[in-house]
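Participant: Can you read through this structure? Questions will come right after.
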Amino acid sequence: MQEKLFSDNKLADRQVDNLAQDYTTREIATRIWQEHLKPRYKLLILASLAMAVSAATTAAFPLLIQRVTDDVFVNQQANMVSVIAIAVIVVISLKTIASYISNVTVGYLGQRFVSDIRIKMFDRLTKADLSWIEGVHSGRFLAGFLNDVNLIKTTASRTFVALVENTLKVFGLGLVMFWTDWKMAILIMIAMPIGVYLLSKQRIKMRKSTTKGLIETSELSTLISQTLRGLRIVRAYGQEKKELDRASNVINRAMEYTMRGTRAQALSSPAVEFLTGIGFAAVIYYAGTNGIKGTVTLGQFSAFMAAAMLIYQPLKSLATLQTAIQEGIAAASRVYGIIDHQSQLVEIEGAKSLNITKGEIVFENVTFAYEQDAPIFKDFSLKVPAGKTVALVGPSGSGKSTILNLVLRFYDPSSGTVKIDGQDISKLTLKSLRAATGLVTQEPLLFDDTIANNIAYGTQGANQDQIAAAAKAAAADHFIKEFPAQYDTPMGEAGNNLSGGEKQRIAIARAILKDAPILLLDEPTSALDSKSESHFQKALDGLMKDRTVLMIAHRLSTVKQADLVVVLAKGKMVEMGTYEELLTTGGLFSELHATQFGPSEQQDPVSEQQMAK
């Protein structure tokens, strides 16, 4: 990228952030007040009072300087030296205490705001539709949590301080200036409205540059997350330079958009300083000519100049406030866009708890599509008998995982119903529905916590003996005890301290401990070796007894014991029967079986069974 300091680089347009909403400054300010500040109005009052004391003590300094100049140096009043010195100590003490109180209070309000927003965002993510979550890269959400929220906090704190403390300081110091000499006060203030107007013209550019900079920051979070997960592939294919170039482009674009905002902000200080300088020049000329005439005393001039110097910083802060606010508005539009997302999958009013009597699952004329005009199922019907094991097999993309997602109500069908024991699950509470199901996925998800806590995840009140029993049933107890800390061993990020098979057995133990009446299994033995699978299959057989089990099977050897095998292709049921029945039909199941085991094994199921053992 070409180096440019004082002009913008031309960059390719980035795609729009679809999560961000177009909120006005008034809407954001009102929302922050109603949701975060108003409930803590007592702290606001405390901070405001402290700022008022700070502003009053700041305004007192020019008056003390005037007394020192006129009473001590000009009029030679010796008794005033001690009085003024004590007054300075009192004023500075009050200012110190007030500043401490206001800084701590405003700091707490800012951090409490960040915490509130992050909790709301996390709550939204845990309850949002999976289709929406899966359509957004995790880096975008991370940028919202880590970067956008802090930017809002910084802007909100700065705005509050500017509006309260700086306004009070400007008001107090302004009174001092007008009390000292109103003509000089008018001279130094007259140019300020022009500066405020010029600075307000920068706010649109500031908001645009900040918004685009935040998008690039999200892109960087996405790229880092993606590269870390795929670092082995990056190195294996020698793509380090390519990934570095991608990262460099994103980082440089983020820097450029930040610089656009910096250039916009950089115009504010010189503008205020230039206009203030003109005012100072006019004051010096006026005071000098009138001082010679004797109509302006040295004390008046000293007090006025002290007040003018002290008023400069808060006045500049107020003048540049409009530009700075746009950073927070841009970030808030991204954060509140996440918080305000409306889930399509919601509980109806008066939803009832699921009452499991048998555990029968029925799909009635279900039509479902992840994308419009591309249905996965159309008028699909299936009955999973209570207490039976039904295996779903078929090529990739046939809709097997979708069926499990619909049972858990991760998605709702476009039409038709899914029922458990005759109860439409769309009319049930999500909590009761998911409490009645145990899920083990093909790729086990483990948390960065201890082994015991991962097994007990989803089962409140489980004790150590129950956790250990579940681990034994999942053929996991022996390798857990090899760790020095045993069940208190940290799993690491995504369970990286364990092998694939070990992670799968921990996930299986979790489902065993939950002991739900309905089991949903997505090829749970996929990461197990032959010996572990043999031990686990015995435990699984006992767990599946008298429970309704809906399982996805990619390895056809795992469906032998299923009561019913359903063969899917392109969202349709093409075959249904027992393992042995389907082997003899010459249909899709036979073809899949022959692909995995060869024609000879298709003719001799016994030899296949022996091989599996």
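Labels for the structure tokens follow display order: chains A, B, ..., residues from 1 in each chain, ligands from 1.
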Excluding same-chain residues fewer than 4 positions from stretch 430-447 of chain A, what lies within 6 Å of it counting only C-alpha atoms, as a list in words?

Facilitator: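 Within the cut-off, the hits are Ser353, Leu354, Ala494, Gly495, Gln504, Ala507, Ala511, Ala516, Pro517, Ile518, Leu519, Leu520, Leu521, Asp522, Glu523 and Pro524 of chain A.
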
Participant: Extract, using only C-alpha atoms, all DNA, RNA and protein residues at most 12 Å from A:His137, discarding same-chain residues fewer than 6 positions from it, and format them as a PyMOL selection string.

Facilitator: chain A and resi 17-19+131+143-144+218-226

Participant: Grab the residues selected above and save them as a compact mmCIF listing (two decimals), in the first residue's frame with N, CA, C and O atoms.

Facilitator:
# COMPACT_ATOMS: atom_id res chain seq x y z
N ASP A 17 -21.51 -4.87 6.43
CA ASP A 17 -21.70 -5.69 7.62
C ASP A 17 -23.19 -5.93 7.80
O ASP A 17 -23.93 -5.04 8.24
N ASN A 18 -23.65 -7.13 7.48
CA ASN A 18 -25.08 -7.42 7.52
C ASN A 18 -25.65 -7.48 8.94
O ASN A 18 -26.86 -7.42 9.12
N LEU A 19 -24.79 -7.63 9.93
CA LEU A 19 -25.27 -7.68 11.30
C LEU A 19 -25.55 -6.30 11.87
O LEU A 19 -26.34 -6.15 12.80
N SER A 131 -29.19 -21.37 12.25
CA SER A 131 -28.97 -20.96 10.86
C SER A 131 -28.32 -19.59 10.79
O SER A 131 -27.48 -19.32 9.93
N ALA A 143 -15.01 -9.98 17.56
CA ALA A 143 -14.70 -8.57 17.43
C ALA A 143 -15.73 -7.71 18.17
O ALA A 143 -15.40 -6.69 18.78
N GLY A 144 -16.99 -8.14 18.12
CA GLY A 144 -18.03 -7.42 18.85
C GLY A 144 -17.80 -7.46 20.34
O GLY A 144 -17.90 -6.44 21.04
N SER A 218 -12.93 -7.06 12.38
CA SER A 218 -13.65 -8.34 12.40
C SER A 218 -13.03 -9.32 11.42
O SER A 218 -12.89 -10.51 11.70
N GLU A 219 -12.67 -8.81 10.24
CA GLU A 219 -12.05 -9.66 9.23
C GLU A 219 -10.72 -10.22 9.74
O GLU A 219 -10.39 -11.38 9.50
N LEU A 220 -9.99 -9.40 10.48
CA LEU A 220 -8.72 -9.86 11.03
C LEU A 220 -8.96 -10.95 12.08
O LEU A 220 -8.25 -11.95 12.12
N SER A 221 -9.97 -10.76 12.94
CA SER A 221 -10.31 -11.78 13.93
C SER A 221 -10.68 -13.09 13.25
O SER A 221 -10.28 -14.17 13.68
N THR A 222 -11.44 -12.98 12.17
CA THR A 222 -11.84 -14.15 11.40
C THR A 222 -10.61 -14.87 10.83
O THR A 222 -10.49 -16.09 10.91
N LEU A 223 -9.72 -14.10 10.25
CA LEU A 223 -8.53 -14.66 9.61
C LEU A 223 -7.63 -15.34 10.63
O LEU A 223 -7.10 -16.44 10.40
N ILE A 224 -7.43 -14.70 11.79
CA ILE A 224 -6.58 -15.29 12.83
C ILE A 224 -7.18 -16.59 13.32
O ILE A 224 -6.49 -17.61 13.46
N SER A 225 -8.50 -16.58 13.60
CA SER A 225 -9.17 -17.79 14.07
C SER A 225 -9.06 -18.91 13.05
O SER A 225 -8.75 -20.06 13.39
N GLN A 226 -9.29 -18.58 11.80
CA GLN A 226 -9.24 -19.58 10.74
C GLN A 226 -7.84 -20.14 10.55
O GLN A 226 -7.65 -21.35 10.38

Participant: So, with only C-alpha atoms as the atoms that count, which of A:Tyr108, A:Tyr100, A:Tyr23, A:Trp182 lies closest to A:Leu37?

Facilitator: A:Tyr108

Participant: Leaving out stretch 560-569 of chain A and any residue of its chain fewer than 4 positions from it, which residues lie within 7 Å of it when counting only C-alpha atoms, given as a list in words?

Facilitator: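 Once the nearby chain positions are removed, what remains is Lys388, Thr389, Val390, Ala391, Leu392, Val393, Gly394, Pro395, Ser398, Met573, Val574, Glu575, Met576, Gly577, Thr578, Tyr579 and Phe589 of chain A.
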
Participant: When DSSP is applied to the backbone of this structure, which of stretch 343-531 of chain A are assigned helix (DSSP H, G or I)? Write them out as a PyMOL selection string.

Facilitator: chain A and resi 400-407+425-427+430-435+451-455+464-473+477-480+486-488+493-495+500-514+530-531

Participant: Counting only C-alpha atoms, figure out which residue out of A:Gln322, A:Gln486, A:Ser381, A:Asn355 gets nearest to A:Leu163.

Facilitator: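 Checking each of A:Gln322, A:Gln486, A:Ser381, A:Asn355 against A:Leu163, counting only C-alpha atoms, the winner is A:Gln322.
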
Participant: Between A:Ala50, A:Arg547, A:Ile186, A:Leu231, which has the minimum distance to A:Gly174 (counting only C-alpha atoms)?

Facilitator: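 Counting only C-alpha atoms, the residue closest to A:Gly174 is A:Ile186.
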
Participant: Between atom CA of A:Thr211 and atom CA of A:Thr25, what is the distance in Å, rounded to a tenth?

Facilitator: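 The value is 14.1 Å.
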
Participant: So that I can check the surroundings of A:Gly399, please list as a list of chain:residue names every protein, DNA and RNA residue that reaches within 8 Å of it, counting only C-alpha atoms and ignoring chain neighbours fewer than 3 positions away.

Facilitator: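 Once the nearby chain positions are removed, what remains is A:Ile376, A:Phe377, A:Ser396, A:Thr402, A:Ile403, A:Leu568, A:Ala569, A:Lys570, A:Gly571.
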
Participant: I'd like the interatomic distance between atom CA of A:Tyr487 and atom CA of A:Ala452, to a tenth of an Å.

Facilitator: 5.0 Å

Participant: Which residues are close to stretch 248-254 of chain A, i.e. within 9 Å by only C-alpha atoms, leaving aside same-chain residues fewer than 6 positions away? Reply as a PyMOL selection string.

Facilitator: chain A and resi 1+11+212-217+219-220+223
